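> The file below is target-v1.cif, mmCIF, C-alpha atoms:
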data_query
loop_
_atom_site.group_PDB
_atom_site.id
_atom_site.type_symbol
_atom_site.label_atom_id
_atom_site.label_comp_id
_atom_site.auth_asym_id
_atom_site.auth_seq_id
_atom_site.Cartn_x
_atom_site.Cartn_y
_atom_site.Cartn_z
ATOM 1 C CA MET V 1 -301.649 -114.104 16.501
ATOM 2 C CA ASN V 2 -298.101 -114.791 15.315
ATOM 3 C CA ARG V 3 -295.283 -116.106 17.513
ATOM 4 C CA ALA V 4 -293.923 -112.637 18.282
ATOM 5 C CA GLY V 5 -297.375 -111.449 19.307
ATOM 6 C CA ARG V 6 -297.913 -114.450 21.589
ATOM 7 C CA ALA V 7 -294.523 -113.917 23.199
ATOM 8 C CA ALA V 8 -295.304 -110.257 23.801
ATOM 9 C CA ALA V 9 -298.677 -111.153 25.343
ATOM 10 C CA VAL V 10 -297.081 -113.706 27.655
ATOM 11 C CA SER V 11 -294.400 -111.203 28.648
ATOM 12 C CA ALA V 12 -296.971 -108.511 29.368
ATOM 13 C CA GLY V 13 -299.062 -110.953 31.377
ATOM 14 C CA SER V 14 -296.129 -111.782 33.644
ATOM 15 C CA ILE V 15 -295.168 -108.179 34.425
ATOM 16 C CA TRP V 16 -297.618 -107.720 37.285
ATOM 17 C CA PRO V 17 -296.931 -111.100 38.955
ATOM 18 C CA ALA V 18 -293.185 -110.551 38.626
ATOM 19 C CA GLY V 19 -293.452 -107.237 40.437
ATOM 20 C CA HIS V 20 -295.884 -108.454 43.089
ATOM 21 C CA ARG V 21 -294.709 -111.954 43.946
ATOM 22 C CA LEU V 22 -295.280 -111.688 47.694
ATOM 23 C CA THR V 23 -298.725 -110.103 47.378
ATOM 24 C CA LEU V 24 -299.885 -112.666 44.844
ATOM 25 C CA PHE V 25 -298.524 -115.545 46.919
ATOM 26 C CA LEU V 26 -300.264 -114.398 50.094
ATOM 27 C CA VAL V 27 -303.606 -113.782 48.376
ATOM 28 C CA LEU V 28 -303.519 -117.216 46.775
ATOM 29 C CA ALA V 29 -302.317 -118.982 49.930
ATOM 30 C CA PHE V 30 -305.160 -117.579 52.013
ATOM 31 C CA ALA V 31 -307.811 -117.880 49.302
ATOM 32 C CA ILE V 32 -307.019 -121.527 48.541
ATOM 33 C CA SER V 33 -306.564 -122.577 52.152
ATOM 34 C CA TRP V 34 -309.677 -120.816 53.456
ATOM 35 C CA LEU V 35 -311.904 -121.995 50.603
ATOM 36 C CA VAL V 36 -313.607 -124.688 52.685
ATOM 37 C CA TRP V 37 -313.956 -122.660 55.886
ATOM 38 C CA PRO V 38 -317.674 -121.865 55.297
ATOM 39 C CA LEU V 39 -318.381 -125.614 55.164
ATOM 40 C CA THR V 40 -317.722 -125.847 58.902
ATOM 41 C CA LEU V 41 -321.083 -124.111 59.365
ATOM 42 C CA LEU V 42 -322.678 -127.233 57.892
ATOM 43 C CA ASN V 43 -320.314 -129.730 59.505
ATOM 44 C CA PRO V 44 -318.414 -128.459 62.558
ATOM 45 C CA ASN V 45 -316.188 -131.541 62.480
ATOM 46 C CA SER V 46 -314.869 -130.810 58.991
ATOM 47 C CA SER V 47 -311.448 -129.241 58.487
ATOM 48 C CA PRO V 48 -311.613 -125.446 58.026
ATOM 49 C CA LEU V 49 -308.267 -125.339 56.172
ATOM 50 C CA ILE V 50 -306.993 -126.800 52.922
ATOM 51 C CA PRO V 51 -303.414 -127.670 53.937
ATOM 52 C CA PHE V 52 -301.809 -127.509 50.506
ATOM 53 C CA GLY V 53 -302.753 -123.854 49.970
ATOM 54 C CA PRO V 54 -299.264 -122.377 50.615
ATOM 55 C CA ALA V 55 -297.509 -124.918 48.368
ATOM 56 C CA VAL V 56 -299.958 -124.442 45.493
ATOM 57 C CA ALA V 57 -299.788 -120.666 45.925
ATOM 58 C CA ALA V 58 -295.984 -120.712 45.777
ATOM 59 C CA ALA V 59 -295.916 -122.912 42.677
ATOM 60 C CA THR V 60 -298.578 -120.823 40.926
ATOM 61 C CA THR V 61 -296.880 -117.530 41.754
ATOM 62 C CA ALA V 62 -293.474 -118.812 40.672
ATOM 63 C CA PHE V 63 -294.878 -119.951 37.317
ATOM 64 C CA LEU V 64 -296.852 -116.759 36.667
ATOM 65 C CA ALA V 65 -293.956 -114.511 37.691
ATOM 66 C CA GLY V 66 -291.019 -116.349 36.187
ATOM 67 C CA GLY V 67 -292.324 -119.150 34.035
ATOM 68 C CA LYS V 68 -291.189 -122.744 33.988
ATOM 69 C CA SER V 69 -287.624 -121.925 35.064
ATOM 70 C CA GLU V 70 -288.699 -120.232 38.293
ATOM 71 C CA LEU V 71 -291.192 -122.981 39.054
ATOM 72 C CA LEU V 72 -288.492 -125.633 38.633
ATOM 73 C CA GLN V 73 -286.144 -123.549 40.764
ATOM 74 C CA LEU V 74 -288.736 -123.582 43.531
ATOM 75 C CA LEU V 75 -289.464 -127.303 43.264
ATOM 76 C CA ARG V 76 -285.763 -128.205 43.229
ATOM 77 C CA GLN V 77 -285.610 -127.028 46.821
ATOM 78 C CA LEU V 78 -287.472 -130.185 47.787
ATOM 79 C CA ALA V 79 -284.435 -132.212 46.705
ATOM 80 C CA ARG V 80 -282.024 -130.481 49.099
ATOM 81 C CA TRP V 81 -281.624 -133.307 51.563
ATOM 82 C CA ARG V 82 -277.820 -133.380 51.493
ATOM 83 C CA VAL V 83 -276.989 -131.083 54.386
ATOM 84 C CA ALA V 84 -274.792 -131.448 57.449
ATOM 85 C CA GLY V 85 -276.012 -133.908 60.051
ATOM 86 C CA ARG V 86 -276.273 -131.228 62.732
ATOM 87 C CA TRP V 87 -279.247 -129.717 60.887
ATOM 88 C CA TYR V 88 -281.082 -133.037 60.943
ATOM 89 C CA LEU V 89 -280.334 -133.269 64.644
ATOM 90 C CA ALA V 90 -281.672 -129.750 65.200
ATOM 91 C CA ALA V 91 -284.747 -130.264 63.007
ATOM 92 C CA LEU V 92 -285.774 -133.533 64.635
ATOM 93 C CA GLY V 93 -284.403 -133.131 68.136
ATOM 94 C CA LEU V 94 -285.245 -129.544 69.041
ATOM 95 C CA PRO V 95 -289.048 -129.681 68.597
ATOM 96 C CA CYS V 96 -289.289 -133.022 70.404
ATOM 97 C CA LEU V 97 -287.110 -131.668 73.217
ATOM 98 C CA LEU V 98 -289.294 -128.563 73.576
ATOM 99 C CA VAL V 99 -292.449 -130.694 73.847
ATOM 100 C CA MET V 100 -290.831 -133.121 76.311
ATOM 101 C CA VAL V 101 -289.433 -130.366 78.557
ATOM 102 C CA ALA V 102 -292.741 -128.476 78.501
ATOM 103 C CA THR V 103 -294.573 -131.650 79.490
ATOM 104 C CA GLY V 104 -292.084 -132.367 82.266
ATOM 105 C CA LEU V 105 -292.329 -128.846 83.660
ATOM 106 C CA THR V 106 -296.125 -128.942 83.558
ATOM 107 C CA VAL V 107 -296.188 -132.255 85.414
ATOM 108 C CA SER V 108 -293.614 -131.054 87.956
ATOM 109 C CA GLY V 109 -295.885 -128.063 88.577
ATOM 110 C CA GLY V 110 -298.695 -130.322 89.736
ATOM 111 C CA ALA V 111 -300.314 -131.687 86.591
ATOM 112 C CA PRO V 112 -300.981 -135.425 86.546
ATOM 113 C CA ALA V 113 -298.542 -137.452 84.475
ATOM 114 C CA PRO V 114 -300.024 -137.912 80.994
ATOM 115 C CA GLU V 115 -301.561 -141.255 80.169
ATOM 116 C CA LEU V 116 -300.481 -141.899 76.609
ATOM 117 C CA GLY V 117 -302.655 -144.973 76.266
ATOM 118 C CA PRO V 118 -301.605 -148.139 74.430
ATOM 119 C CA ASN V 119 -298.201 -147.962 72.799
ATOM 120 C CA PRO V 120 -298.919 -147.206 69.119
ATOM 121 C CA GLY V 121 -295.706 -148.926 68.073
ATOM 122 C CA TRP V 122 -292.870 -147.601 65.948
ATOM 123 C CA PHE V 123 -294.633 -148.472 62.698
ATOM 124 C CA MET V 124 -297.701 -146.390 63.552
ATOM 125 C CA LEU V 125 -295.576 -143.561 64.933
ATOM 126 C CA LEU V 126 -293.395 -143.424 61.821
ATOM 127 C CA GLY V 127 -296.507 -143.625 59.650
ATOM 128 C CA SER V 128 -298.019 -140.669 61.467
ATOM 129 C CA PHE V 129 -294.770 -138.746 61.108
ATOM 130 C CA ALA V 130 -294.561 -139.500 57.365
ATOM 131 C CA PHE V 131 -298.166 -138.397 56.836
ATOM 132 C CA THR V 132 -297.525 -135.167 58.754
ATOM 133 C CA LEU V 133 -294.295 -134.596 56.842
ATOM 134 C CA VAL V 134 -296.316 -134.326 53.636
ATOM 135 C CA THR V 135 -299.645 -132.814 54.705
ATOM 136 C CA VAL V 136 -298.102 -130.250 57.063
ATOM 137 C CA GLY V 137 -294.382 -130.104 56.351
ATOM 138 C CA LEU V 138 -294.315 -130.081 52.567
ATOM 139 C CA PHE V 139 -297.639 -128.327 51.964
ATOM 140 C CA GLU V 140 -296.777 -125.438 54.288
ATOM 141 C CA GLU V 141 -292.999 -125.131 54.262
ATOM 142 C CA LEU V 142 -292.557 -125.010 50.495
ATOM 143 C CA GLY V 143 -294.680 -121.861 50.606
ATOM 144 C CA TRP V 144 -293.754 -120.203 53.909
ATOM 145 C CA ARG V 145 -290.023 -120.845 54.091
ATOM 146 C CA GLY V 146 -289.239 -121.935 50.532
ATOM 147 C CA TYR V 147 -290.925 -118.967 48.845
ATOM 148 C CA ALA V 148 -292.208 -116.234 51.161
ATOM 149 C CA LEU V 149 -289.278 -116.003 53.596
ATOM 150 C CA PRO V 150 -286.589 -115.291 50.962
ATOM 151 C CA LEU V 151 -288.848 -112.674 49.391
ATOM 152 C CA LEU V 152 -289.286 -110.939 52.746
ATOM 153 C CA GLN V 153 -285.533 -111.078 53.379
ATOM 154 C CA GLN V 154 -284.694 -109.238 50.170
ATOM 155 C CA ASN V 155 -285.114 -105.813 51.778
ATOM 156 C CA ARG V 156 -285.175 -106.388 55.534
ATOM 157 C CA PRO V 157 -283.177 -108.205 58.233
ATOM 158 C CA ALA V 158 -283.845 -111.900 58.637
ATOM 159 C CA LEU V 159 -285.319 -111.474 62.111
ATOM 160 C CA SER V 160 -287.843 -108.880 60.931
ATOM 161 C CA ALA V 161 -288.734 -111.098 57.973
ATOM 162 C CA ALA V 162 -289.196 -114.108 60.239
ATOM 163 C CA LEU V 163 -291.456 -112.214 62.643
ATOM 164 C CA LEU V 164 -293.560 -110.754 59.823
ATOM 165 C CA LEU V 165 -293.939 -114.191 58.309
ATOM 166 C CA GLY V 166 -294.823 -115.508 61.760
ATOM 167 C CA LEU V 167 -297.712 -113.055 61.990
ATOM 168 C CA VAL V 168 -298.920 -114.094 58.539
ATOM 169 C CA TRP V 169 -298.531 -117.759 59.435
ATOM 170 C CA ALA V 170 -300.515 -117.295 62.645
ATOM 171 C CA ALA V 171 -303.265 -115.423 60.781
ATOM 172 C CA TRP V 172 -303.426 -118.245 58.229
ATOM 173 C CA HIS V 173 -304.436 -120.572 61.100
ATOM 174 C CA LEU V 174 -307.396 -118.328 61.988
ATOM 175 C CA PRO V 175 -310.050 -120.769 60.705
ATOM 176 C CA GLU V 176 -308.676 -123.471 63.001
ATOM 177 C CA LEU V 177 -308.600 -121.093 65.971
ATOM 178 C CA LEU V 178 -312.147 -119.817 65.461
ATOM 179 C CA SER V 179 -313.752 -123.069 64.360
ATOM 180 C CA ASP V 180 -312.334 -125.227 67.152
ATOM 181 C CA PRO V 181 -314.893 -125.457 69.985
ATOM 182 C CA THR V 182 -312.476 -127.476 72.168
ATOM 183 C CA GLY V 183 -309.859 -124.728 72.336
ATOM 184 C CA GLN V 184 -306.989 -127.051 71.481
ATOM 185 C CA ARG V 185 -305.004 -124.032 70.281
ATOM 186 C CA PRO V 186 -305.269 -121.273 72.926
ATOM 187 C CA ALA V 187 -304.903 -118.071 70.912
ATOM 188 C CA LEU V 188 -302.270 -116.073 72.835
ATOM 189 C CA PRO V 189 -299.745 -118.828 73.587
ATOM 190 C CA PHE V 190 -300.306 -120.195 70.082
ATOM 191 C CA LEU V 191 -299.447 -116.815 68.545
ATOM 192 C CA LEU V 192 -296.348 -116.488 70.719
ATOM 193 C CA MET V 193 -295.218 -119.991 69.837
ATOM 194 C CA VAL V 194 -295.767 -119.463 66.106
ATOM 195 C CA LEU V 195 -293.730 -116.249 66.138
ATOM 196 C CA ALA V 196 -290.861 -117.957 67.946
ATOM 197 C CA GLN V 197 -291.137 -121.044 65.767
ATOM 198 C CA SER V 198 -290.970 -118.833 62.691
ATOM 199 C CA VAL V 199 -287.609 -117.514 63.932
ATOM 200 C CA LEU V 200 -286.337 -121.050 64.531
ATOM 201 C CA LEU V 201 -287.457 -122.178 61.078
ATOM 202 C CA ALA V 202 -285.869 -119.126 59.447
ATOM 203 C CA TRP V 203 -282.620 -119.997 61.203
ATOM 204 C CA LEU V 204 -282.813 -123.586 59.961
ATOM 205 C CA TYR V 205 -283.632 -122.500 56.417
ATOM 206 C CA ASN V 206 -281.029 -119.754 56.189
ATOM 207 C CA SER V 207 -278.319 -121.925 57.718
ATOM 208 C CA SER V 208 -278.971 -125.151 55.809
ATOM 209 C CA GLY V 209 -280.581 -123.816 52.629
ATOM 210 C CA SER V 210 -282.988 -126.739 52.878
ATOM 211 C CA VAL V 211 -286.776 -126.772 52.771
ATOM 212 C CA PRO V 212 -286.797 -130.471 53.783
ATOM 213 C CA ILE V 213 -285.043 -129.557 57.043
ATOM 214 C CA CYS V 214 -287.899 -127.146 57.807
ATOM 215 C CA MET V 215 -290.386 -129.840 56.845
ATOM 216 C CA LEU V 216 -288.780 -132.233 59.341
ATOM 217 C CA PHE V 217 -288.919 -129.658 62.153
ATOM 218 C CA HIS V 218 -292.576 -128.905 61.477
ATOM 219 C CA ALA V 219 -293.536 -132.579 61.270
ATOM 220 C CA ALA V 220 -291.525 -133.502 64.387
ATOM 221 C CA PHE V 221 -293.245 -130.820 66.458
ATOM 222 C CA ASN V 222 -296.741 -131.700 65.253
ATOM 223 C CA THR V 223 -296.201 -135.435 65.715
ATOM 224 C CA SER V 224 -294.745 -135.149 69.224
ATOM 225 C CA GLY V 225 -297.409 -132.625 70.179
ATOM 226 C CA ALA V 226 -300.194 -134.863 68.896
ATOM 227 C CA LEU V 227 -298.801 -137.685 71.010
ATOM 228 C CA VAL V 228 -298.577 -135.716 74.268
ATOM 229 C CA PHE V 229 -300.948 -132.730 74.218
ATOM 230 C CA PRO V 230 -304.286 -134.630 74.131
ATOM 231 C CA ALA V 231 -303.153 -136.585 77.199
ATOM 232 C CA LEU V 232 -303.030 -133.343 79.206
ATOM 233 C CA LEU V 233 -306.411 -131.952 78.239
ATOM 234 C CA GLY V 234 -308.011 -130.456 81.319
ATOM 235 C CA PRO V 235 -307.187 -127.754 83.879
ATOM 236 C CA ASP V 236 -303.439 -127.912 83.166
ATOM 237 C CA TYR V 237 -303.727 -127.727 79.397
ATOM 238 C CA LEU V 238 -303.336 -123.943 79.218
ATOM 239 C CA THR V 239 -300.271 -124.161 81.467
ATOM 240 C CA LEU V 240 -298.762 -126.678 79.052
ATOM 241 C CA TRP V 241 -299.362 -124.360 76.111
ATOM 242 C CA TRP V 242 -297.817 -121.344 77.842
ATOM 243 C CA THR V 243 -294.832 -123.473 78.820
ATOM 244 C CA VAL V 244 -294.362 -124.651 75.233
ATOM 245 C CA ALA V 245 -294.644 -121.082 73.979
ATOM 246 C CA LEU V 246 -292.138 -119.666 76.468
ATOM 247 C CA LEU V 247 -289.663 -122.462 75.768
ATOM 248 C CA HIS V 248 -289.919 -121.648 72.052
ATOM 249 C CA VAL V 249 -289.236 -117.996 72.847
ATOM 250 C CA MET V 250 -286.169 -118.937 74.892
ATOM 251 C CA ALA V 251 -284.875 -121.133 72.066
ATOM 252 C CA ALA V 252 -285.482 -118.329 69.549
ATOM 253 C CA LEU V 253 -283.592 -115.844 71.733
ATOM 254 C CA VAL V 254 -280.627 -118.216 71.887
ATOM 255 C CA VAL V 255 -280.682 -118.550 68.095
ATOM 256 C CA ILE V 256 -280.841 -114.775 67.648
ATOM 257 C CA ALA V 257 -277.901 -114.294 69.994
ATOM 258 C CA LEU V 258 -275.770 -116.946 68.285
ATOM 259 C CA ALA V 259 -276.701 -116.436 64.621
ATOM 260 C CA GLY V 260 -277.408 -112.692 64.657
ATOM 261 C CA PRO V 261 -280.678 -110.916 63.857
ATOM 262 C CA ALA V 262 -279.497 -109.630 60.474
ATOM 263 C CA ARG V 263 -279.097 -113.038 58.881
ATOM 264 C CA LEU V 264 -280.135 -115.713 61.394
ATOM 265 C CA ALA V 265 -277.256 -117.635 59.831
ATOM 266 C CA ARG V 266 -273.476 -117.349 59.598
ATOM 267 C CA THR V 267 -272.744 -118.236 55.993
ATOM 268 C CA LEU V 268 -275.760 -118.469 53.706
ATOM 269 C CA ASP V 269 -276.784 -115.564 51.461
ATOM 270 C CA THR V 270 -280.309 -114.674 52.566
ATOM 271 C CA THR V 271 -281.106 -112.270 49.698
ATOM 272 C CA PRO V 272 -281.325 -114.529 46.627
ATOM 273 C CA SER V 273 -282.770 -113.469 43.291
ATOM 274 C CA HIS V 274 -286.599 -113.573 43.221
ATOM 275 C CA GLY V 275 -286.638 -114.773 46.817
ATOM 276 C CA ILE V 276 -285.598 -118.319 45.935
ATOM 277 C CA THR V 277 -282.258 -119.770 47.007
#
Could you quickly redo this structure as structure tokens?


Amino acid sequence: MNRAGRAAAVSAGSIWPAGHRLTLFLVLAFAISWLVWPLTLLNPNSSPLIPFGPAVAAATTAFLAGGKSELLQLLRQLARWRVAGRWYLAALGLPCLLVMVATGLTVSGGAPAPELGPNPGWFMLLGSFAFTLVTVGLFEELGWRGYALPLLQQNRPALSAALLLGLVWAAWHLPELLSDPTGQRPALPFLLMVLAQSVLLAWLYNSSGSVPICMLFHAAFNTSGALVFPALLGPDYLTLWWTVALLHVMAALVVIALAGPARLARTLDTTPSHGIT
């Protein structure tokens, strides 16, 4: 096949992915991430999710739909660390504040004060945060917020896009919900929290234009939750989860009121070409 023929074949092969970016991304994200789920039947203690599924799905879809240029455009989002300091404050402070307030309210309602055990030290805490920043923050947020959210916002308001993505994001966690015999993620409050958190992350992404800011929020919540939640396992654990969920909803409502449901931001264009800012 000559050069013109190869170019035509490549062009024809990219037509379907280019017209079905969101569909292809979602199929790949779920297929890759859920690949190991059946293994939990053999080993219940194994992880039912491959965490890098959304990131790999986004990179694969970008390359198939738009070639090297679109893939590089996606990956360049990971370098957008130069944003206003208030977004770092929001990304790191808000999730920790929500966990702390939820814990305080649960304890004030009669739960015993959590015993956090030996102080892990700043080095261990920062190490845990850094690990979570990659395995949860980067692997998920490059796909969910960096790729899927802008695609969803191309033809619908930001709030609708955020809620739809929240439903998808919650469904993606299904293996963890069904394969966890300890019930560490109660289904209803978890769903409510994920929907509200999706709104908060959309606001952060649309306002800052930064995937790393979303990564920091995600990692800060998971790290602070991992530090506090296990200490309240018991009869008050469900109360803690509902409190966390309702606080997330309240924070999301404040964001919607201040930033507006159409854009969840004041300045940033939320309808970029090919869903990538």

> Using Å and a single decimal, report how far CA of Arg145 in chain V sits from CA of Ser160 in chain V.

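Between these atoms lies a distance of 14.0 Å.
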
> Using only C-alpha atoms, can you tell me which of V:Gly85, V:Gly166, V:Gly110, V:Gly104 comes closest to Val228 in chain V?

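Between V:Gly85, V:Gly166, V:Gly110, V:Gly104, the residue approaching Val228 in chain V most closely is V:Gly104.
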
> Please expand the PyMOL selection byres ((chain V and resi 190-202) around 8) into the concrete residues it hits in this file, giving the result as a VMD selection string.

chain V and resid 145 149 158 to 159 162 to 163 165 to 167 169 to 170 185 to 189 203 to 206 214 217 241 244 to 246 248 to 249 251 to 252 255 264

> Near Ser108 in chain V, counting only C-alpha atoms, which residues have an atom at most 12 Å away, once you skip same-chain residues fewer than 6 positions from it, shown as an mmCIF file with C-alpha atoms, keeping the file's coordinate frame?


data_model
loop_
_atom_site.group_PDB
_atom_site.id
_atom_site.type_symbol
_atom_site.label_atom_id
_atom_site.label_comp_id
_atom_site.auth_asym_id
_atom_site.auth_seq_id
_atom_site.Cartn_x
_atom_site.Cartn_y
_atom_site.Cartn_z
ATOM 1 C CA VAL V 101 -289.433 -130.366 78.557
ATOM 2 C CA ALA V 102 -292.741 -128.476 78.501
ATOM 3 C CA PRO V 114 -300.024 -137.912 80.994
ATOM 4 C CA ASP V 236 -303.439 -127.912 83.166
ATOM 5 C CA THR V 239 -300.271 -124.161 81.467
ATOM 6 C CA LEU V 240 -298.762 -126.678 79.052
ATOM 7 C CA THR V 243 -294.832 -123.473 78.820
#

> With the file shown as input, list the residues that the PyMOL selection byres ((chain V and resi 23) around 12) selects, as a count of residues only.

23

> Using only C-alpha atoms, which of the listed residues (V:Val134, V:Val107, V:Leu97, V:Trp172) sits closest to Ala31 in chain V?

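Under the stated criterion, the closest residue is V:Trp172.
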
> Just so I have it separately, write range 241-254 of chain V from the block I sent, keeping N, CA and C atoms, as a compact mmCIF listing (two decimals), in the first residue's frame.


# COMPACT_ATOMS: atom_id res chain seq x y z
N TRP V 241 -21.20 8.54 57.46
CA TRP V 241 -21.29 8.59 56.01
C TRP V 241 -22.42 9.52 55.54
N TRP V 242 -23.57 9.44 56.19
CA TRP V 242 -24.66 10.34 55.81
C TRP V 242 -24.30 11.79 56.08
N THR V 243 -23.57 12.02 57.15
CA THR V 243 -23.15 13.39 57.47
C THR V 243 -22.18 13.91 56.42
N VAL V 244 -21.22 13.08 56.03
CA VAL V 244 -20.28 13.46 54.96
C VAL V 244 -21.04 13.76 53.67
N ALA V 245 -21.98 12.90 53.33
CA ALA V 245 -22.73 13.08 52.09
C ALA V 245 -23.53 14.37 52.10
N LEU V 246 -24.23 14.64 53.20
CA LEU V 246 -25.06 15.85 53.28
C LEU V 246 -24.20 17.11 53.30
N LEU V 247 -23.05 17.06 53.92
CA LEU V 247 -22.14 18.21 53.89
C LEU V 247 -21.64 18.46 52.47
N HIS V 248 -21.35 17.40 51.73
CA HIS V 248 -20.98 17.56 50.32
C HIS V 248 -22.11 18.21 49.52
N VAL V 249 -23.33 17.78 49.78
CA VAL V 249 -24.47 18.36 49.07
C VAL V 249 -24.60 19.85 49.39
N MET V 250 -24.44 20.21 50.65
CA MET V 250 -24.51 21.62 51.03
C MET V 250 -23.42 22.43 50.34
N ALA V 251 -22.21 21.89 50.30
CA ALA V 251 -21.11 22.58 49.62
C ALA V 251 -21.40 22.72 48.13
N ALA V 252 -21.95 21.67 47.51
CA ALA V 252 -22.28 21.73 46.09
C ALA V 252 -23.36 22.77 45.82
N LEU V 253 -24.35 22.87 46.70
CA LEU V 253 -25.41 23.87 46.52
C LEU V 253 -24.85 25.29 46.61
N VAL V 254 -23.90 25.50 47.51
CA VAL V 254 -23.26 26.81 47.61
C VAL V 254 -22.52 27.13 46.31
